[in-house]
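Enquirer: Dropping the structure in here first, questions after.
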Amino acid sequence: MEFWKRSHLCGDLRLSDSSNRVTLSGWVRRRRDHGGVIFIDLCDRTGLTQVVFSPEAGSDAHRAAQELRSEFVVAVRGEVRPRPEGTVNPKIPTGEIELFADGLQIINPSLTPPFPIEDEEELQEEVRLRYRYLDLRRPSMLNNLRLRHRVTARTRQYLDGEGFWEIETPLLTRSTPEGARDYLVPSRVHPGKFYALPQSPQLFKQMLMVSGVDKYFQIARCLRDEDLRADRQPEHTQIDLEMSFVEPEDIFRVVEGLVGTLFGEFRGVEMERPLKRMTYAEAMLKYGSDKPDLRFGLEIREAGEIFAGSGFRVFRETLDSGGAVRGLAVPGGASLSLKQLDELTEFCRRAGAGGLLWILFREGGGLKSPIKKFLSEGELNRLRETFSCSEGDCLMLVADRPEKAAEVIGRLRLKLAADLGLVPKDRYEFLWVVDFPLFGYNPEEKRFEAVHHPFTSPHPEDLELLETDPGKVRSRAYDLVLNGTELGGGSIRIHREQVQKQVFSLLNIGPEEAESRFGFLLEALRHGAPPHGGIALGLDRLLMLMGGLSSIRDVITFPKTQKAICLTTGSPSEVDPRQLKDLHIALAAPPQ
RNA sequence: GGGGGCGUAGCUCAAUUGGUUAGAGUACCGGACUGUCGAUCCGGGGGUUGCGGGUUCGAGUCCCGUCGUCCCCGCCA
């Protein structure tokens with residue numbers, strides 16, 4: 001054999017293994033050379049064992065150990081010994097023993113690593129990504145990979161137990177112009193034609209329901225050519241599932257079971273089931289967001305009625321033109337400085353509102369506010385009552401179009417919570433947001449757009465509104481939200497062709513266009529489609545939240561930078577002109 | 001496409017108002033050292049201050065441009 005085979009892993013050995021002969025292999029982390037005795041921290045993904053090279057024990061091994069450097073790959077033979085009294089290291093699980101080495105094999109030397117392989121080192125992400133294989137060798141990153149493995153393994157086990165089949169769907173598929181920008185793959189065989197990489201397996205899983213698969217799942221890669229964020233990568237992974245003959249409650253039960261199992265087993269978090277439900281309308285009103293963070297209060301309230309006949313012209317005119325006044329109370333906020341209040345006002349302006357109005361209810365009953373002289377005693381009393389304000393608090397008000405007011409004060413709410421340290425750690429606030437509107441109106445293009453996607457079923461109670469007032473139609477779509485992050489979303493789908501056609505027409509997709517884009521799906525729906533629905537959970541975001549991380553890049557092995565570049569491999573790259581020729585592609589501008 | 005932060009030794013950072021030869025810790029190299037675990041002690045090497053241009057007697061520092069990276073807005077059915 002080329003190298004000595006290991007008998008144990010670096011995290012294995014305990015006091016009970018004492019006096020056994022073992023062989024370990026791994027990476028040399030730290031070396032402490034005392035001239036005589038030499039200590040090596042030997043690491044693998046399971047942990048670290050201290051190896052001792054003593055001149056007496058094996059002079060060849062001791063001599064060879066002097067050559068060891070960081071991250072050399074080695075095999076070490078010797079005897080497991082209890083550490084001498086006073087030298088036990090309580091910080092590591094193997095700290096009661098050491099490997100007393102009499103043989104050393106340098107399997108492969110290593111270049112000096114560009115940074116130390118340890119969790120403590122704070123590195124620029126650029127450096128980490130350039131040497132990602134070394135970054136991943138750090139214990140915390142290996143730990144993230146392990147969590148990812150265990151979560152996907154448990155997910156498969158759980159869904160199998162619920163009767164789901166794991167089924168793969170094509171990566172080379174058809175471009176469907178709705179939604180995000182597609183990644184395209186040129187066809188060699190068909191000049192001028194392109195495949196698209198899937199944004200999700202949506203249409204395939206619906207067709208699988210028509211096939212009678214009944215319960216489908218897939219841990220599916222999804223690709224979208226859109227700009228990146230801390231929680232968005234061009235390719236991400238979804239736990240995608242679909243079920244037949246179901247209502248939303250059936251989906252909720254399965255997902256709550258799965259997510260509850262994962263958080264219970266891997267985080268020790270007891271999830272209350274069934275989860276809280278909140279309508280989209282309530283979420284927007286109370287939290288100014290369709291993915292409310294419920295870990296803290298600062299609830300938003302409507303203040304329009306109070307100012308209906310206000311002497312303050314800005315409020316009155318906003319209300320008269322159909323606008324809204326929304327506010328929230330900041331407990332203890334009366335101590336905010338004018339500078340802080342100015343900054344918050346500027347924040348609201350940048351978020352698109354006219355500004356921010358504040359009222360400080362000072363200790364002792366005093367009042368400070370730029371609109372003090374416009375406020376009647378009656379209005380103040382009603383404000384105190386509505387917002388449960390008392391002395392020492394601050395009331396913040398935003399007036400604008402209802403959607404804008406909700407959005408701005410929603411953002412303000414998140415900023416205040418972060419700035420004032422109101423967000424508790426180690427809390428997991430799950431909820432379902434339900435009753436999304438089916439359509440959103442795009443004022444620029446003067447047309448309705450699907451809020452979820454065009455195959456989402458209208459709420460059964462709102463079917464008549466499709467004819468009379470489409471903007472009011474609720475959908476049977478739902479989002480799973482955790483701590484202000486959208487963890488997943490899904491819907492009951494349209495299974496009747498007639499409804500599907502009606503929705504297409506409201507979306508300004510004519511019959512011919514519908515046929516050419518989605519004809520294959522419409523045809524499938526005509527061949528005995530069962531009622532069906534499903535959901536997709538963002539695996540990367542789930543792992544990010546489970547790991548207490550702030551970016552999904554930390555749970556993705558080789559993520560892209562914000563400019564969608566892979567710093568490890570250098571993709572995307574130019575290709576050989578012959579490859580382009582084979583694909584019938586000519587570049588409009590020659591690359592620089 | 002837009003707003004903001006960052007870019008100085010392999011890594012993490014410092015450098016007063018624009019002013020001497022750009023420093024520190026760590027890593028690395030050499031030496032010493034038989035119980036360390038962030039080993040210690042002595043010595044040494046290491047810089048296109050991201051890149052290009054400008055202002056100035058003089059630029060890491062000021063100005064213009066550009067590149068990279070991070071956060072956010074737009075975008076993401």
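Residue numbering restarts at 1 in every chain; chains get A, B, ... in the order shown in the structure tokens, and ligands count up from 1 in that same order.
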Determine which residues of chain A sit within 7 Å of chain B, taking into account only C-alpha atoms (C1' of nucleotides), and present them as a JSON list (two decimals) with N, CA, C and O atoms, in the first residue's frame.
Expert:
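Below is the file that was written, result31.json:
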```
[["chain", "number", "residue", "atom", "x", "y", "z"],
["A", 32, "ARG", "N", 4.40, 22.40, 17.53],
["A", 32, "ARG", "CA", 5.09, 23.05, 18.66],
["A", 32, "ARG", "C", 6.38, 22.28, 18.89],
["A", 32, "ARG", "O", 6.38, 21.18, 19.47],
["A", 34, "HIS", "N", 9.84, 21.78, 20.50],
["A", 34, "HIS", "CA", 10.63, 22.18, 21.67],
["A", 34, "HIS", "C", 12.10, 21.79, 21.53],
["A", 34, "HIS", "O", 12.82, 21.78, 22.52],
["A", 35, "GLY", "N", 12.53, 21.44, 20.34],
["A", 35, "GLY", "CA", 13.89, 21.02, 20.16],
["A", 35, "GLY", "C", 14.03, 19.55, 20.47],
["A", 35, "GLY", "O", 14.45, 18.78, 19.62],
["A", 36, "GLY", "N", 13.62, 19.16, 21.65],
["A", 36, "GLY", "CA", 13.53, 17.75, 21.98],
["A", 36, "GLY", "C", 12.18, 17.22, 21.53],
["A", 36, "GLY", "O", 12.02, 16.80, 20.40],
["A", 37, "VAL", "N", 11.21, 17.34, 22.42],
["A", 37, "VAL", "CA", 9.89, 16.83, 22.10],
["A", 37, "VAL", "C", 9.18, 17.78, 21.11],
["A", 37, "VAL", "O", 9.37, 18.99, 21.15],
["A", 39, "PHE", "N", 5.36, 18.56, 19.37],
["A", 39, "PHE", "CA", 3.92, 18.31, 19.38],
["A", 39, "PHE", "C", 3.30, 18.70, 18.03],
["A", 39, "PHE", "O", 3.66, 19.73, 17.46],
["A", 114, "PRO", "N", -2.33, 30.23, 2.46],
["A", 114, "PRO", "CA", -2.41, 31.69, 2.42],
["A", 114, "PRO", "C", -3.03, 32.27, 3.69],
["A", 114, "PRO", "O", -2.87, 33.46, 3.96],
["A", 115, "PHE", "N", -3.75, 31.46, 4.43],
["A", 115, "PHE", "CA", -4.30, 31.93, 5.71],
["A", 115, "PHE", "C", -4.40, 30.72, 6.63],
["A", 115, "PHE", "O", -4.43, 29.57, 6.16],
["A", 126, "GLU", "N", -13.19, 37.60, -0.37],
["A", 126, "GLU", "CA", -12.48, 37.43, -1.64],
["A", 126, "GLU", "C", -11.37, 36.39, -1.51],
["A", 126, "GLU", "O", -11.18, 35.54, -2.38],
["A", 178, "GLU", "N", -42.16, 34.33, -18.65],
["A", 178, "GLU", "CA", -42.62, 34.90, -17.39],
["A", 178, "GLU", "C", -41.55, 34.71, -16.33],
["A", 178, "GLU", "O", -40.80, 33.74, -16.35],
["A", 179, "GLY", "N", -41.46, 35.65, -15.41],
["A", 179, "GLY", "CA", -40.60, 35.43, -14.26],
["A", 179, "GLY", "C", -39.20, 35.95, -14.45],
["A", 179, "GLY", "O", -38.97, 36.95, -15.13],
["A", 180, "ALA", "N", -38.25, 35.25, -13.83],
["A", 180, "ALA", "CA", -36.87, 35.72, -13.83],
["A", 180, "ALA", "C", -36.24, 35.51, -15.21],
["A", 180, "ALA", "O", -36.76, 34.80, -16.05],
["A", 226, "GLU", "N", -30.44, 36.65, -12.30],
["A", 226, "GLU", "CA", -30.79, 37.94, -11.73],
["A", 226, "GLU", "C", -29.67, 38.37, -10.79],
["A", 226, "GLU", "O", -28.78, 37.58, -10.49],
["A", 227, "ASP", "N", -29.73, 39.61, -10.32],
["A", 227, "ASP", "CA", -28.65, 40.13, -9.49],
["A", 227, "ASP", "C", -28.63, 39.47, -8.12],
["A", 227, "ASP", "O", -29.66, 39.04, -7.61],
["A", 450, "ALA", "N", -48.98, 38.27, -12.36],
["A", 450, "ALA", "CA", -49.17, 37.24, -11.34],
["A", 450, "ALA", "C", -48.28, 37.55, -10.16],
["A", 450, "ALA", "O", -47.08, 37.78, -10.33],
["A", 451, "VAL", "N", -48.84, 37.56, -8.95],
["A", 451, "VAL", "CA", -48.02, 37.78, -7.77],
["A", 451, "VAL", "C", -47.14, 36.55, -7.50],
["A", 451, "VAL", "O", -45.96, 36.66, -7.22],
["A", 452, "HIS", "N", -47.74, 35.37, -7.62],
["A", 452, "HIS", "CA", -46.99, 34.13, -7.38],
["A", 452, "HIS", "C", -46.51, 33.59, -8.73],
["A", 452, "HIS", "O", -45.40, 33.83, -9.13],
["A", 453, "HIS", "N", -47.33, 32.88, -9.42],
["A", 453, "HIS", "CA", -47.08, 32.55, -10.83],
["A", 453, "HIS", "C", -48.42, 32.28, -11.50],
["A", 453, "HIS", "O", -49.44, 32.15, -10.83]]
```
Enquirer: Taking 3 positions as the minimum chain separation for residues in the same chain, which residues sit within 9 Å of region 407-416 of chain A when counting only C-alpha atoms (C1' of nucleotides)? Answer as a ChimeraX atom specification.
Expert: /A:284-289,292-293,298-300,326-328,330,344,347-349,351-353,396-398,402-404,419-422
Enquirer: I need the chosen residues saved as a short mmCIF file (atom, residue, chain, number, x, y, z; two decimals), in the first residue's frame, with N, CA, C and O atoms.
Expert:
```cif
data_model
loop_
_atom_site.label_atom_id
_atom_site.label_comp_id
_atom_site.auth_asym_id
_atom_site.auth_seq_id
_atom_site.Cartn_x
_atom_site.Cartn_y
_atom_site.Cartn_z
N MET A 284 -49.20 43.13 5.92
CA MET A 284 -48.82 44.42 5.37
C MET A 284 -49.22 45.55 6.31
O MET A 284 -48.49 46.53 6.48
N LEU A 285 -50.39 45.41 6.93
CA LEU A 285 -50.88 46.46 7.83
C LEU A 285 -50.05 46.53 9.11
O LEU A 285 -49.59 47.60 9.51
N LYS A 286 -49.83 45.38 9.74
CA LYS A 286 -49.19 45.39 11.06
C LYS A 286 -47.67 45.39 11.01
O LYS A 286 -47.02 45.79 11.98
N TYR A 287 -47.12 44.89 9.92
CA TYR A 287 -45.66 44.76 9.87
C TYR A 287 -45.03 45.40 8.63
O TYR A 287 -43.81 45.42 8.49
N GLY A 288 -45.87 45.87 7.72
CA GLY A 288 -45.34 46.54 6.54
C GLY A 288 -44.49 45.64 5.67
O GLY A 288 -43.54 46.09 5.03
N SER A 289 -44.81 44.33 5.68
CA SER A 289 -44.00 43.37 4.95
C SER A 289 -44.81 42.12 4.71
O SER A 289 -45.66 41.76 5.53
N PRO A 292 -43.16 39.10 7.62
CA PRO A 292 -42.93 39.80 8.88
C PRO A 292 -42.00 39.06 9.83
O PRO A 292 -42.04 37.83 9.93
N ASP A 293 -41.16 39.83 10.50
CA ASP A 293 -40.28 39.30 11.53
C ASP A 293 -41.00 39.46 12.87
O ASP A 293 -41.17 40.57 13.35
N LEU A 298 -43.07 46.38 18.14
CA LEU A 298 -43.07 47.52 17.22
C LEU A 298 -44.15 47.37 16.15
O LEU A 298 -43.92 47.67 14.99
N GLU A 299 -45.32 46.90 16.57
CA GLU A 299 -46.39 46.70 15.60
C GLU A 299 -46.87 48.03 15.03
O GLU A 299 -46.96 49.04 15.73
N ILE A 300 -47.20 47.97 13.76
CA ILE A 300 -47.66 49.16 13.06
C ILE A 300 -49.19 49.26 13.20
O ILE A 300 -49.88 48.24 13.17
N ARG A 326 -49.71 55.71 8.86
CA ARG A 326 -49.39 54.53 9.67
C ARG A 326 -48.32 54.92 10.68
O ARG A 326 -47.45 55.73 10.37
N GLY A 327 -48.40 54.29 11.84
CA GLY A 327 -47.43 54.65 12.86
C GLY A 327 -47.03 53.48 13.71
O GLY A 327 -47.65 52.41 13.67
N LEU A 328 -45.96 53.67 14.45
CA LEU A 328 -45.56 52.68 15.45
C LEU A 328 -44.95 53.38 16.64
O LEU A 328 -44.37 54.46 16.50
N VAL A 330 -42.30 53.49 19.75
CA VAL A 330 -41.02 52.96 20.18
C VAL A 330 -40.93 53.11 21.69
O VAL A 330 -40.78 54.22 22.19
N LEU A 344 -33.29 58.99 10.98
CA LEU A 344 -34.42 58.12 10.68
C LEU A 344 -35.33 58.75 9.63
O LEU A 344 -35.87 58.07 8.75
N PHE A 347 -33.71 58.27 6.40
CA PHE A 347 -33.89 56.86 6.01
C PHE A 347 -35.24 56.67 5.33
O PHE A 347 -35.34 56.01 4.29
N CYS A 348 -36.29 57.27 5.89
CA CYS A 348 -37.63 57.14 5.32
C CYS A 348 -37.72 57.84 3.96
O CYS A 348 -38.39 57.36 3.05
N ARG A 349 -37.04 58.97 3.84
CA ARG A 349 -37.03 59.66 2.55
C ARG A 349 -36.38 58.80 1.49
O ARG A 349 -36.89 58.66 0.39
N ALA A 351 -36.22 55.73 1.45
CA ALA A 351 -37.09 54.58 1.19
C ALA A 351 -38.28 54.99 0.34
O ALA A 351 -39.08 54.14 -0.04
N GLY A 352 -38.43 56.28 0.08
CA GLY A 352 -39.45 56.70 -0.86
C GLY A 352 -40.62 57.48 -0.27
O GLY A 352 -41.52 57.87 -1.00
N ALA A 353 -40.59 57.69 1.04
CA ALA A 353 -41.68 58.46 1.65
C ALA A 353 -41.31 59.94 1.67
O ALA A 353 -40.15 60.31 1.46
N MET A 396 -43.92 57.27 15.91
CA MET A 396 -43.42 57.62 14.58
C MET A 396 -44.52 57.41 13.56
O MET A 396 -45.20 56.38 13.58
N LEU A 397 -44.67 58.38 12.68
CA LEU A 397 -45.78 58.36 11.73
C LEU A 397 -45.29 58.59 10.31
O LEU A 397 -44.41 59.43 10.08
N VAL A 398 -45.86 57.83 9.38
CA VAL A 398 -45.55 58.00 7.96
C VAL A 398 -46.86 58.14 7.22
O VAL A 398 -47.80 57.37 7.47
N PRO A 402 -51.24 54.03 0.56
CA PRO A 402 -51.24 52.94 1.55
C PRO A 402 -50.11 51.94 1.36
O PRO A 402 -49.44 51.57 2.34
N GLU A 403 -49.83 51.54 0.13
CA GLU A 403 -48.77 50.54 -0.09
C GLU A 403 -47.41 51.13 0.29
O GLU A 403 -46.58 50.47 0.90
N LYS A 404 -47.19 52.39 -0.11
CA LYS A 404 -45.91 53.04 0.17
C LYS A 404 -45.73 53.24 1.67
O LYS A 404 -44.66 52.97 2.22
N ASP A 419 -31.28 48.62 15.19
CA ASP A 419 -30.51 49.69 15.84
C ASP A 419 -30.64 49.66 17.35
O ASP A 419 -29.69 49.93 18.07
N LEU A 420 -31.86 49.37 17.83
CA LEU A 420 -32.11 49.42 19.27
C LEU A 420 -31.85 48.08 19.95
O LEU A 420 -32.10 47.92 21.14
N GLY A 421 -31.38 47.11 19.17
CA GLY A 421 -31.05 45.82 19.76
C GLY A 421 -32.26 45.06 20.28
O GLY A 421 -32.20 44.39 21.31
N LEU A 422 -33.38 45.16 19.54
CA LEU A 422 -34.61 44.50 20.00
C LEU A 422 -34.79 43.10 19.43
O LEU A 422 -35.78 42.44 19.70
#
```
Enquirer: Do you have the CA of Gly322 (chain A)-CA of Asp479 (chain A) distance handy?
Expert: 28.9 Å
Enquirer: Show me, as number ranges by chain, the residues that have an atom within 12 Å of region 580-582 of chain A when counting only C-alpha atoms (C1' of nucleotides), minus same-chain residues fewer than 6 positions from it.
Expert: A: 185-192, 574
Enquirer: For region 18-24 of chain B, work out the shell of residues within 9 Å, counting only C-alpha atoms (C1' of nucleotides) and skipping chain neighbours fewer than 3 positions away, then give it as a list of chain:residue names.
Expert: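 Final neighbour list, sorted by chain and number: B:U8, B:C13, B:A14, B:A15, B:G47, B:U49, B:U56, B:G58, B:A59, B:G60, B:U61, B:C62.
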Enquirer: I'd like the interatomic distance between CA of Ile306 (chain A) and CA of Glu379 (chain A), to a tenth of an Å.
Expert: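 Distance reported for this atom pair: 6.1 Å.
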Enquirer: Apply DSSP to the structure's backbone, then extract all residues of region 470-505 of chain A labelled helix (DSSP H, G or I) and return them as number ranges by chain.
Expert: A: 470-472, 497-505
Enquirer: Could you write out the selected residues, including C-alpha atoms, as an mmCIF file, in the first residue's frame?
Expert:
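Saved result, selection-v5.cif, follows:
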```
data_model
loop_
_atom_site.group_PDB
_atom_site.id
_atom_site.type_symbol
_atom_site.label_atom_id
_atom_site.label_comp_id
_atom_site.auth_asym_id
_atom_site.auth_seq_id
_atom_site.Cartn_x
_atom_site.Cartn_y
_atom_site.Cartn_z
ATOM 1 C CA PRO A 470 -59.531 41.124 -10.530
ATOM 2 C CA GLY A 471 -57.328 43.230 -8.258
ATOM 3 C CA LYS A 472 -59.343 42.022 -5.260
ATOM 4 C CA GLU A 497 -58.352 24.565 -18.152
ATOM 5 C CA GLN A 498 -61.212 27.059 -18.159
ATOM 6 C CA VAL A 499 -59.940 28.878 -15.071
ATOM 7 C CA GLN A 500 -56.411 28.774 -16.406
ATOM 8 C CA LYS A 501 -57.513 30.438 -19.619
ATOM 9 C CA GLN A 502 -59.376 33.105 -17.686
ATOM 10 C CA VAL A 503 -56.270 33.887 -15.654
ATOM 11 C CA PHE A 504 -54.114 34.004 -18.765
ATOM 12 C CA SER A 505 -56.461 36.460 -20.370
#
```
Enquirer: Fewer than 2 positions away in the same chain doesn't count, so skip those; otherwise give me all residues within 12 Å of Glu118 (chain A), counting only C-alpha atoms (C1' of nucleotides), as a PyMOL selection string.
Expert: (chain A and resi 29-30+43+48+70-71+113+115-116+120-123+134-142) or (chain B and resi 38)
Enquirer: Enter the distance from CA of Asp426 (chain A) to CA of Ile219 (chain A), in Å, rounded to one decimal.
Expert: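 Going from CA of Asp426 (chain A) over to CA of Ile219 (chain A), I get 27.0 Å.
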